[in-house]
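Shown next: data.txt, containing compact mmCIF, C-alpha atoms.
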# COMPACT_ATOMS: atom_id res chain seq x y z
CA MET A 14 0.00 0.00 0.00
CA LYS A 15 2.87 2.39 0.86
CA LYS A 16 4.54 1.63 -2.46
CA ILE A 17 1.33 2.37 -4.36
CA LEU A 18 0.86 5.63 -2.46
CA PHE A 19 4.49 6.62 -3.09
CA LEU A 20 4.07 5.82 -6.79
CA LEU A 21 0.92 7.97 -7.04
CA ILE A 22 2.69 10.90 -5.37
CA LEU A 23 5.67 10.51 -7.70
CA ILE A 24 3.36 10.43 -10.76
CA SER A 25 1.49 13.51 -9.52
CA ILE A 26 4.70 15.48 -8.99
CA SER A 27 6.02 14.45 -12.40
CA PHE A 28 2.74 15.40 -14.11
CA SER A 29 2.64 18.77 -12.34
CA PHE A 30 6.19 19.56 -13.40
CA TYR A 31 5.51 18.48 -16.99
CA ALA A 32 2.17 20.27 -17.18
CA GLU A 33 3.56 23.50 -15.75
CA ASN A 34 6.29 23.64 -18.38
CA PHE A 35 4.10 22.36 -21.22
CA PHE A 36 1.25 24.84 -20.69
CA ALA A 37 3.60 27.74 -19.95
CA LYS A 38 5.42 27.48 -23.27
CA SER A 39 4.50 29.86 -26.08
CA ARG A 40 2.46 28.37 -28.90
CA PHE A 41 4.19 28.07 -32.26
CA ILE A 42 1.27 29.81 -33.95
CA GLU A 43 -1.87 31.27 -32.45
CA LEU A 44 -4.94 33.35 -33.26
CA LYS A 45 -6.51 35.54 -30.59
CA ALA A 46 -9.79 37.47 -30.72
CA GLY A 47 -11.91 39.28 -28.17
CA THR A 48 -12.91 42.57 -26.65
CA GLY A 49 -13.20 44.59 -23.48
CA VAL A 50 -16.25 46.79 -22.82
CA ASN A 51 -16.72 49.27 -19.96
CA LEU A 52 -19.47 51.71 -18.94
CA SER A 53 -19.64 53.72 -15.72
CA ASN A 54 -20.66 56.97 -14.04
CA ASN A 55 -19.71 58.77 -10.82
CA LEU A 56 -23.15 59.32 -9.26
CA LEU A 57 -25.77 56.61 -9.79
CA ALA A 58 -25.15 53.11 -8.38
CA ALA A 59 -26.88 49.84 -9.17
CA ASN A 60 -28.35 49.56 -5.66
CA ASP A 61 -30.14 52.89 -6.23
CA PHE A 62 -32.38 51.11 -8.74
CA MET A 63 -32.56 47.57 -7.36
CA LYS A 64 -35.48 48.28 -5.06
CA LYS A 65 -39.04 47.02 -4.94
CA GLU A 66 -40.34 50.58 -5.02
CA LEU A 67 -38.10 53.04 -6.81
CA VAL A 68 -38.02 56.40 -5.04
CA ILE A 69 -35.69 59.10 -6.35
CA ASP A 70 -34.52 61.46 -3.60
CA LEU A 71 -33.56 64.55 -5.61
CA ARG A 72 -32.08 66.31 -2.59
CA GLN A 73 -29.87 63.33 -1.79
CA LEU A 74 -28.88 63.15 -5.45
CA ALA A 75 -27.80 66.80 -5.33
CA ASP A 76 -25.80 66.18 -2.14
CA ASP A 77 -24.09 63.11 -3.63
CA CYS A 78 -23.14 64.78 -6.91
CA PRO A 79 -19.39 65.54 -6.88
CA ASP A 80 -18.12 69.08 -7.40
CA GLU A 81 -16.84 68.14 -10.88
CA GLY A 82 -20.43 67.24 -11.86
CA PHE A 83 -21.98 64.15 -13.39
CA ILE A 84 -19.58 62.04 -15.49
CA VAL A 85 -20.26 59.06 -17.74
CA LEU A 86 -17.36 57.07 -19.21
CA ALA A 87 -17.42 54.38 -21.89
CA ASN A 88 -14.75 52.49 -23.80
CA ALA A 89 -14.34 49.37 -25.92
CA ASN A 90 -11.40 47.70 -27.68
CA PRO A 91 -12.30 44.72 -29.92
CA SER A 92 -9.25 43.18 -31.61
CA VAL A 93 -7.95 40.20 -33.58
CA ALA A 94 -4.30 39.11 -33.44
CA MET A 95 -2.11 36.40 -34.97
CA ASN A 96 1.29 35.46 -33.52
CA LEU A 97 4.12 33.23 -34.72
CA ASN A 98 6.82 32.16 -32.24
CA ILE A 99 10.06 30.53 -33.41
CA LYS A 100 12.46 29.81 -30.55
CA SER A 101 13.56 33.23 -29.22
CA ILE A 102 11.86 35.31 -31.93
CA GLY A 103 8.18 36.18 -32.21
CA VAL A 104 6.29 37.99 -34.95
CA GLY A 105 2.67 39.05 -34.73
CA PHE A 106 0.00 41.14 -36.39
CA ALA A 107 -3.06 42.70 -34.77
CA THR A 108 -5.95 44.83 -35.91
CA GLY A 109 -8.80 46.36 -33.97
CA ILE A 110 -10.76 49.37 -32.82
CA GLU A 111 -10.26 51.72 -29.87
CA PHE A 112 -13.26 53.70 -28.61
CA PHE A 113 -13.41 56.16 -25.72
CA GLU A 114 -16.13 58.59 -24.65
CA ARG A 115 -16.59 60.91 -21.69
CA PHE A 116 -19.78 62.87 -20.99
CA ASP A 117 -19.82 65.70 -18.40
CA MET A 118 -22.70 67.72 -16.93
CA ASN A 119 -22.42 70.52 -14.35
CA LYS A 120 -23.53 69.95 -10.77
CA SER A 121 -25.80 73.03 -10.91
CA LEU A 122 -28.64 71.11 -12.60
CA PHE A 123 -28.76 68.54 -9.77
CA GLU A 124 -28.71 71.33 -7.18
CA PHE A 125 -31.65 72.91 -8.98
CA LEU A 126 -33.60 69.64 -8.95
CA GLY A 127 -32.78 69.00 -5.29
CA TYR A 128 -33.09 72.47 -3.77
CA GLY A 129 -34.83 74.57 -6.39
CA ASN A 130 -33.97 78.16 -7.30
CA ASN A 131 -35.30 81.70 -7.12
CA ILE A 132 -38.61 82.10 -8.93
CA GLY A 133 -38.05 82.84 -12.61
CA GLN A 134 -34.24 82.68 -12.38
CA ALA A 135 -32.72 80.35 -14.96
CA VAL A 136 -30.03 77.84 -14.06
CA VAL A 137 -27.79 76.97 -17.01
CA SER A 138 -25.73 73.76 -16.94
CA GLU A 139 -23.07 73.03 -19.52
CA ILE A 140 -22.85 69.65 -21.26
CA LYS A 141 -19.50 68.46 -22.62
CA ASN A 142 -18.80 65.42 -24.70
CA ASN A 143 -15.37 64.02 -25.60
CA ALA A 144 -15.06 61.00 -27.85
CA GLU A 145 -12.45 59.24 -29.95
CA LEU A 146 -12.72 56.33 -32.34
CA PHE A 147 -9.66 54.77 -33.99
CA ALA A 148 -9.09 51.78 -36.24
CA TYR A 149 -5.55 50.38 -36.24
CA ALA A 150 -3.22 47.72 -37.59
CA GLN A 151 -0.13 46.77 -35.61
CA LEU A 152 3.01 44.70 -36.16
CA ASP A 153 4.63 42.96 -33.18
CA VAL A 154 8.29 41.88 -33.29
CA GLY A 155 9.67 40.23 -30.14
CA VAL A 156 13.10 38.95 -29.15
CA ASN A 157 14.14 36.99 -26.05
CA PHE A 158 17.66 37.46 -24.66
CA LYS A 159 17.74 34.91 -21.85
CA LYS A 160 16.29 36.96 -18.96
CA LEU A 161 15.34 39.93 -21.15
CA LYS A 162 12.28 40.10 -23.41
CA LEU A 163 11.70 42.99 -25.81
CA HIS A 164 8.65 43.56 -28.03
CA VAL A 165 8.42 46.48 -30.46
CA LYS A 166 4.98 47.27 -31.91
CA PRO A 167 4.81 49.86 -34.70
CA ALA A 168 1.23 50.70 -35.68
CA VAL A 169 -0.70 52.59 -38.30
CA PHE A 170 -4.02 54.03 -37.13
CA ILE A 171 -6.95 55.73 -38.78
CA PRO A 172 -8.95 58.31 -36.79
CA VAL A 173 -12.63 57.73 -37.56
CA LEU A 174 -14.28 60.22 -35.21
CA ALA A 175 -13.34 62.89 -32.66
CA ILE A 176 -15.44 65.17 -30.44
CA ASN A 177 -13.52 67.71 -28.31
CA ASP A 178 -15.31 69.46 -25.42
CA SER A 179 -18.43 69.91 -27.51
CA GLY A 180 -21.98 69.45 -26.27
CA GLY A 181 -24.59 72.03 -25.36
CA THR A 182 -26.56 73.47 -22.45
CA VAL A 183 -29.47 72.56 -20.16
CA THR A 184 -31.60 75.44 -18.87
CA ALA A 185 -33.95 74.99 -15.89
CA VAL A 186 -36.49 77.47 -14.45
CA ASN A 187 -38.94 77.46 -11.53
CA ASP A 188 -42.16 79.39 -12.27
CA ALA A 189 -44.27 81.08 -9.61
CA ASP A 190 -47.11 78.54 -10.07
CA GLY A 191 -44.79 75.62 -9.17
CA THR A 192 -44.04 74.59 -12.74
CA VAL A 193 -40.57 73.24 -13.49
CA LYS A 194 -39.31 73.89 -17.02
CA ILE A 195 -36.21 72.18 -18.39
CA HIS A 196 -34.90 72.76 -21.89
CA ALA A 197 -31.75 71.34 -23.46
CA ASP A 198 -29.95 72.36 -26.63
CA LEU A 199 -27.44 70.03 -28.24
CA ASN A 200 -24.85 71.74 -30.40
CA MET A 201 -21.99 69.32 -31.02
CA ASP A 202 -19.09 69.49 -33.47
CA VAL A 203 -18.09 66.11 -34.87
CA HIS A 204 -14.77 65.71 -36.71
CA THR A 205 -14.53 62.76 -39.11
CA PRO A 206 -13.26 61.79 -42.56
CA LEU A 207 -16.66 60.24 -43.35
CA ASP A 208 -19.42 61.68 -45.51
CA PHE A 209 -22.65 62.00 -43.52
CA GLU A 210 -26.04 62.51 -45.10
CA ILE A 211 -29.66 62.60 -43.97
CA GLN A 212 -32.04 60.03 -45.48
CA ASP A 213 -35.62 59.70 -44.25
CA GLY A 214 -34.73 61.69 -41.15
CA LYS A 215 -31.85 59.37 -40.23
CA ILE A 216 -28.10 59.96 -40.20
CA LYS A 217 -26.36 57.67 -42.69
CA ILE A 218 -22.81 57.25 -43.97
CA ASN A 219 -22.07 57.56 -47.66
CA THR A 220 -20.33 54.20 -48.20
CA ALA A 221 -19.39 54.94 -51.81
CA SER A 222 -16.48 57.16 -50.73
CA LEU A 223 -15.76 55.35 -47.45
CA GLU A 224 -12.48 53.68 -48.40
CA ASN A 225 -10.90 56.74 -50.03
CA ASN A 226 -11.86 59.04 -47.15
CA LEU A 227 -10.60 56.74 -44.40
CA PHE A 228 -7.20 55.97 -45.86
CA THR A 229 -6.17 59.55 -46.53
CA GLY A 230 -5.68 60.50 -42.88
CA TYR A 231 -3.75 57.69 -41.23
CA GLY A 232 -1.12 58.27 -38.55
CA PHE A 233 1.68 56.30 -36.89
CA ASP A 234 2.78 55.45 -33.35
CA VAL A 235 5.00 52.83 -31.78
CA ALA A 236 4.62 50.77 -28.60
CA ALA A 237 7.19 48.68 -26.75
CA ASP A 238 7.16 46.07 -23.95
CA LEU A 239 10.27 45.29 -21.93
CA ASP A 240 10.52 42.45 -19.35
CA LEU A 241 13.56 41.70 -17.21
CA MET A 242 13.46 38.54 -15.07
CA PHE A 243 16.06 38.64 -12.27
CA THR A 244 15.04 35.13 -11.22
CA ASP A 245 12.32 32.71 -12.32
CA LYS A 246 10.16 34.17 -9.53
CA PHE A 247 10.78 37.92 -9.70
CA GLY A 248 10.95 40.42 -12.51
CA ILE A 249 10.25 43.98 -13.57
CA GLY A 250 8.97 45.46 -16.79
CA ALA A 251 7.73 48.52 -18.61
CA THR A 252 5.32 49.32 -21.44
CA ALA A 253 5.03 52.47 -23.51
CA ARG A 254 3.20 53.87 -26.52
CA VAL A 255 4.71 56.96 -28.14
CA PRO A 256 2.97 59.04 -30.86
CA LEU A 257 4.96 59.72 -34.02
CA VAL A 258 2.75 61.06 -36.83
CA PRO A 259 -0.79 62.34 -36.13
CA GLY A 260 -3.84 61.14 -37.99
CA ARG A 261 -5.96 63.65 -39.87
CA LEU A 262 -9.70 64.29 -39.82
CA ASN A 263 -10.70 66.58 -42.69
CA LYS A 264 -14.43 67.26 -42.17
CA LYS A 265 -16.50 68.86 -39.43
CA TYR A 266 -20.23 68.38 -38.98
CA ARG A 267 -22.46 70.17 -36.49
CA VAL A 268 -25.11 67.97 -34.90
CA THR A 269 -28.01 69.87 -33.32
CA SER A 270 -31.04 68.70 -31.38
CA SER A 271 -33.14 69.66 -28.37
CA PHE A 272 -35.54 68.35 -25.80
CA ALA A 273 -38.01 70.01 -23.45
CA PHE A 274 -39.74 69.05 -20.22
CA GLU A 275 -42.44 70.86 -18.26
CA SER A 276 -44.25 69.67 -15.14
CA GLN A 277 -45.65 70.63 -11.78
CA VAL A 278 -43.22 69.79 -8.96
CA LEU A 279 -45.50 67.12 -7.50
CA GLU A 280 -45.92 65.45 -10.91
CA LEU A 281 -42.28 65.24 -12.03
CA GLY A 282 -42.39 61.49 -12.58
CA GLN A 283 -45.63 61.54 -14.58
CA ASN A 284 -44.65 63.65 -17.59
CA ASP A 285 -42.58 62.82 -20.65
CA PHE A 286 -39.74 64.63 -22.37
CA ILE A 287 -40.32 66.04 -25.86
CA PHE A 288 -37.38 65.18 -28.13
CA ASN A 289 -36.55 66.73 -31.49
CA ASP A 290 -34.75 64.54 -34.02
CA PRO A 291 -31.07 65.39 -34.48
CA VAL A 292 -30.11 67.49 -37.48
CA VAL A 293 -26.71 67.23 -39.18
CA SER A 294 -25.41 70.29 -40.98
CA ALA A 295 -23.62 70.06 -44.28
CA GLY A 296 -20.02 69.15 -43.58
CA ILE A 297 -17.29 71.73 -44.03
CA GLU A 298 -13.64 71.13 -44.84
CA GLU A 299 -11.75 71.61 -41.59
CA GLU A 300 -8.66 69.65 -40.60
CA LEU A 301 -8.03 68.24 -37.13
CA TYR A 302 -4.83 66.36 -36.34
CA ILE A 303 -5.01 63.79 -33.57
CA HIS A 304 -2.89 61.08 -31.91
CA ARG A 305 -3.82 58.02 -29.94
CA ALA A 306 -3.12 58.42 -26.21
CA LEU A 307 0.48 58.47 -25.06
CA LYS A 308 1.13 55.74 -22.44
CA MET A 309 3.92 54.98 -19.96
CA PHE A 310 3.74 52.18 -17.38
CA ALA A 311 6.23 50.31 -15.18
CA TYR A 312 5.56 47.23 -13.05
CA ALA A 313 7.01 44.43 -10.95
CA ASP A 314 5.73 40.88 -10.51
CA ALA A 315 6.67 38.11 -8.11
CA LYS A 316 5.75 34.44 -7.72
CA LEU A 317 5.30 32.76 -4.34
CA PHE A 318 4.83 29.19 -3.09
CA GLY A 319 6.19 27.51 -6.16
CA LYS A 320 4.53 30.00 -8.53
CA PHE A 321 1.08 29.20 -7.10
CA ILE A 322 0.58 32.87 -6.18
CA GLU A 323 1.49 35.68 -8.57
CA LEU A 324 1.72 39.28 -7.33
CA TYR A 325 1.63 42.26 -9.69
CA ALA A 326 2.01 45.99 -9.01
CA GLY A 327 2.45 48.78 -11.52
CA ALA A 328 2.04 52.52 -12.04
CA GLY A 329 2.31 55.00 -14.88
CA PHE A 330 0.40 57.70 -16.71
CA GLY A 331 -1.55 58.47 -19.84
CA LEU A 332 -1.89 61.60 -21.95
CA ARG A 333 -4.98 61.77 -24.12
CA ARG A 334 -4.80 64.04 -27.19
CA PRO A 335 -1.04 64.64 -26.71
CA PHE A 336 0.64 67.68 -28.28
CA SER A 337 -2.66 69.58 -28.43
CA GLU A 338 -4.21 72.45 -26.47
CA THR A 339 -6.87 70.07 -25.08
CA ALA A 340 -4.45 67.39 -23.81
CA ILE A 341 -5.62 65.47 -20.71
CA PHE A 342 -3.06 63.99 -18.29
CA TYR A 343 -4.06 61.21 -15.89
CA PRO A 344 -2.13 58.81 -13.60
CA GLU A 345 -2.61 55.04 -13.75
CA TYR A 346 -1.97 52.11 -11.41
CA LYS A 347 -2.82 48.43 -11.05
CA PHE A 348 -2.46 45.82 -8.29
CA ALA A 349 -3.33 42.18 -8.83
CA VAL A 350 -3.10 38.80 -7.10
CA THR A 351 -3.44 35.64 -9.21
CA PHE A 352 -3.69 32.00 -8.13
CA ASN A 353 -2.05 29.75 -10.72
CA VAL A 354 -2.70 26.01 -10.93
CA ILE A 355 0.18 24.65 -13.11
CA ASN A 356 -0.66 27.19 -15.86
CA ILE A 357 -3.88 25.35 -16.71
CA PHE A 358 -6.20 27.42 -14.56
CA LYS A 359 -5.69 30.94 -13.18
CA LEU A 360 -7.99 32.98 -10.98
CA GLY A 361 -7.11 36.54 -10.06
CA VAL A 362 -8.42 39.68 -8.39
CA PHE A 363 -7.33 43.21 -9.25
CA THR A 364 -7.86 46.85 -8.40
CA GLN A 365 -6.79 49.62 -10.74
CA TYR A 366 -7.15 53.14 -12.07
CA MET A 367 -6.75 52.94 -15.84
CA ASP A 368 -8.09 55.19 -18.61
CA GLN A 369 -9.60 57.56 -15.98
CA VAL A 370 -11.69 54.76 -14.38
CA PHE A 371 -11.39 53.09 -10.95
CA ALA A 372 -12.14 49.36 -11.29
CA HIS A 373 -12.11 46.30 -9.03
CA GLY A 374 -12.54 42.93 -10.68
CA LEU A 375 -12.08 39.23 -11.08
CA GLY A 376 -10.27 37.50 -13.95
CA MET A 377 -9.97 33.88 -15.02
CA THR A 378 -7.83 31.96 -17.51
CA VAL A 379 -8.48 28.40 -18.67
CA ASN A 380 -5.62 27.03 -20.77
CA ALA A 381 -6.08 23.72 -22.60
CA ARG A 382 -2.99 24.45 -24.71
CA ILE A 383 -4.80 24.28 -28.06
CA VAL A 384 -7.55 26.58 -26.77
CA GLN A 385 -7.26 29.29 -24.13
CA LEU A 386 -10.10 31.33 -22.66
CA ASP A 387 -9.59 34.60 -20.76
CA LEU A 388 -12.62 36.09 -19.01
CA GLY A 389 -13.05 38.91 -16.54
CA THR A 390 -15.56 41.27 -15.02
CA SER A 391 -15.38 44.36 -12.81
CA ILE A 392 -17.32 47.04 -10.99
CA GLN A 393 -16.08 50.54 -11.72
CA SER A 394 -16.62 54.28 -11.71
CA ALA A 395 -14.90 57.61 -12.36
CA SER A 396 -15.35 58.14 -8.60
CA PHE A 397 -13.23 56.02 -6.24
CA LYS A 398 -16.04 55.89 -3.66
CA LYS A 399 -18.73 54.94 -6.19
CA SER A 400 -16.50 52.29 -7.79
CA PHE A 401 -17.27 49.95 -4.86
CA VAL A 402 -21.08 50.16 -5.16
CA GLY A 403 -21.71 49.30 -8.80
CA ALA A 404 -21.81 52.72 -10.47
CA GLY A 405 -20.50 50.97 -13.56
CA ALA A 406 -19.44 47.62 -14.91
CA GLY A 407 -16.89 46.18 -17.28
CA ALA A 408 -16.11 42.84 -18.85
CA TYR A 409 -13.58 41.27 -21.19
CA ALA A 410 -13.47 38.00 -23.10
CA TYR A 411 -10.67 36.66 -25.32
CA VAL A 412 -10.29 33.32 -27.07
CA THR A 413 -6.90 32.03 -28.23
CA VAL A 414 -6.44 28.98 -30.45
CA GLY A 415 -3.15 27.52 -31.65
CA PHE A 416 -0.51 24.88 -31.07
Output the file's structure in the form of structure tokens.
Amino acid sequence: MKKILFLLILISISFSFYAENFFAKSRFIELKAGTGVNLSNNLLAANDFMKKELVIDLRQLADDCPDEGFIVLANANPSVAMNLNIKSIGVGFATGIEFFERFDMNKSLFEFLGYGNNIGQAVVSEIKNNAELFAYAQLDVGVNFKKLKLHVKPAVFIPVLAINDSGGTVTAVNDADGTVKIHADLNMDVHTPLDFEIQDGKIKINTASLENNLFTGYGFDVAADLDLMFTDKFGIGATARVPLVPGRLNKKYRVTSSFAFESQVLELGQNDFIFNDPVVSAGIEEELYIHRALKMFAYADAKLFGKFIELYAGAGFGLRRPFSETAIFYPEYKFAVTFNVINIFKLGVFTQYMDQVFAHGLGMTVNARIVQLDLGTSIQSASFKKSFVGAGAGAYAYVTVGF
């Protein structure tokens, strides 16, 4: 019985050692596809709506609204990549889309709704929208020098859409008879190389000139990843993306619309908004040069208990719209703990501030060598406090196949 038990232990140890090395090795060729999607705000949390009877406390809403106002953030990054690894050299190609949007509204509107205003005195709140949409194609060349790994990733990108601090206003008034009047005007400048047109009251893209318009304004940037392993259980690294040549958007359209709302104070929840369909002006020739965000990030990772636990900590910064008068600087950080079962199954938790969003999440990797699945989800917000109560959510899913 002791011999059988000893044999089983020996087989288990041997399998673990073999599996750890087998599943950790890079695939000779692989195809990876997936996306990450995130949506959050800094004021409204999920538990505010998950009630049997929904009651909106306007005064509490005004008190909770941060001084910077109401913020909504959204981003997505679908991509497809193919990699070829030959001994110490790797070559890859990736293509995808990067989308980012930030919507801002002044706090004054929420203070009006919560506490009112002098009779007949208008309260004007500014709306700002910032958005970027890029398509890109990227080459990845990697070299391993024993403990040092270097990847250089030159990319060509095409700016598809940009909105810079453009939005409109919301005007609110209290009348003497207790009537609340709210009126909003949308007046947004959209920069794009596309030809927009109105058909049957709807905004459509002229696809006949799509290819020529898109490929006349491409830009270039280059990214790099550097990893230095001091031992098999501790290493440091850095990533960067540096703009080189800006992309060009050669048309500007003005999108206008409006909505109105009028109600007695005690009947606020019983009346509907009146929306006017958006109108797109005839585009004018106006050039806007734009880069993808500049990124710098450094990190360290360590493995404990025979690589069963992986620790990760990193910090850096981003600069959106670099080299422009409307550039936005923001710090970034990430901390993560991952439990690794012989590189077949990984389960990790993380907390981070990336792309102007605080997020706390759970990630999982299932690696069957030929097929690998990476899944994750998070709660998030532009506000650190609200990021813990479900003021936003994010998720990612990637599938890798190869051998």
remark   = Expressed in Å, the length from atom CA of A:Ala87 to atom CA of A:Glu299 is 26.8 Å
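Ranking A:Cys78, A:Ile322, A:Leu386, A:Leu174 by their shortest atom-to-atom distance to A:Phe247, with only C-alpha atoms included, puts A:Ile322 first.
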(-19.9, 50.7, -3.9) in this file's frame - what residues fall within 9 Å of it? Use all atoms listed in the file and give the answer as an mmCIF file with C-alpha atoms, in the frame of the given file.
data_model
loop_
_atom_site.group_PDB
_atom_site.id
_atom_site.type_symbol
_atom_site.label_atom_id
_atom_site.label_comp_id
_atom_site.auth_asym_id
_atom_site.auth_seq_id
_atom_site.Cartn_x
_atom_site.Cartn_y
_atom_site.Cartn_z
ATOM 1 C CA ALA A 58 -25.150 53.110 -8.380
ATOM 2 C CA ALA A 59 -26.880 49.840 -9.170
ATOM 3 C CA ASN A 60 -28.350 49.560 -5.660
ATOM 4 C CA ILE A 392 -17.320 47.040 -10.990
ATOM 5 C CA GLN A 393 -16.080 50.540 -11.720
ATOM 6 C CA PHE A 397 -13.230 56.020 -6.240
ATOM 7 C CA LYS A 398 -16.040 55.890 -3.660
ATOM 8 C CA LYS A 399 -18.730 54.940 -6.190
ATOM 9 C CA SER A 400 -16.500 52.290 -7.790
ATOM 10 C CA PHE A 401 -17.270 49.950 -4.860
ATOM 11 C CA VAL A 402 -21.080 50.160 -5.160
ATOM 12 C CA GLY A 403 -21.710 49.300 -8.800
ATOM 13 C CA ALA A 404 -21.810 52.720 -10.470
#
ask   = With only C-alpha atoms as the basis for distance, which of A:Ala237, A:Ala372, A:Ala315, A:Leu71 is at the shortest distance from A:Leu52?
value =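 Of all the options, A:Ala372 lies closest to A:Leu52.
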inquiry  = List the spatial neighbours of stretch 259-275 of chain A as a PyMOL selection string - criterion: any atom at most 8 Å away, only C-alpha atoms, same-chain residues fewer than 3 positions off excluded.
reply    = chain A and resi 170-174+192-207+229-233+256+284-304
key: Among the residues A:Ser121, A:Ser39, A:Asn131, A:Ser179, the one that comes closest to A:Asn98 [using only C-alpha atoms]   = A:Ser39
task = Figure out the distance between atom CA of A:Ser391 and atom CA of A:Leu360, please, to one decimal in Å.
result =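 Pair atom CA of A:Leu360 / atom CA of A:Ser391 returns 13.7 Å.
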task = Counting all atoms listed in the file, figure out which residue out of A:Asn356, A:Gln151, A:Ser138, A:Thr351 gets nearest to A:Val169.
result =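 For A:Val169, the nearest of the candidates is A:Gln151.
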message = So the first atom is atom CA of A:Glu210 and the second is atom CA of A:Leu146; what is the distance between them in Å, to one decimal place?
response =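 The value is 19.5 Å.
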Residues near stretch 100-115 of chain A, cut-off 8 Å, only C-alpha atoms, skip fewer than 2 positions along chain, as a PyMOL selection string = chain A and resi 84-98+117+142-158
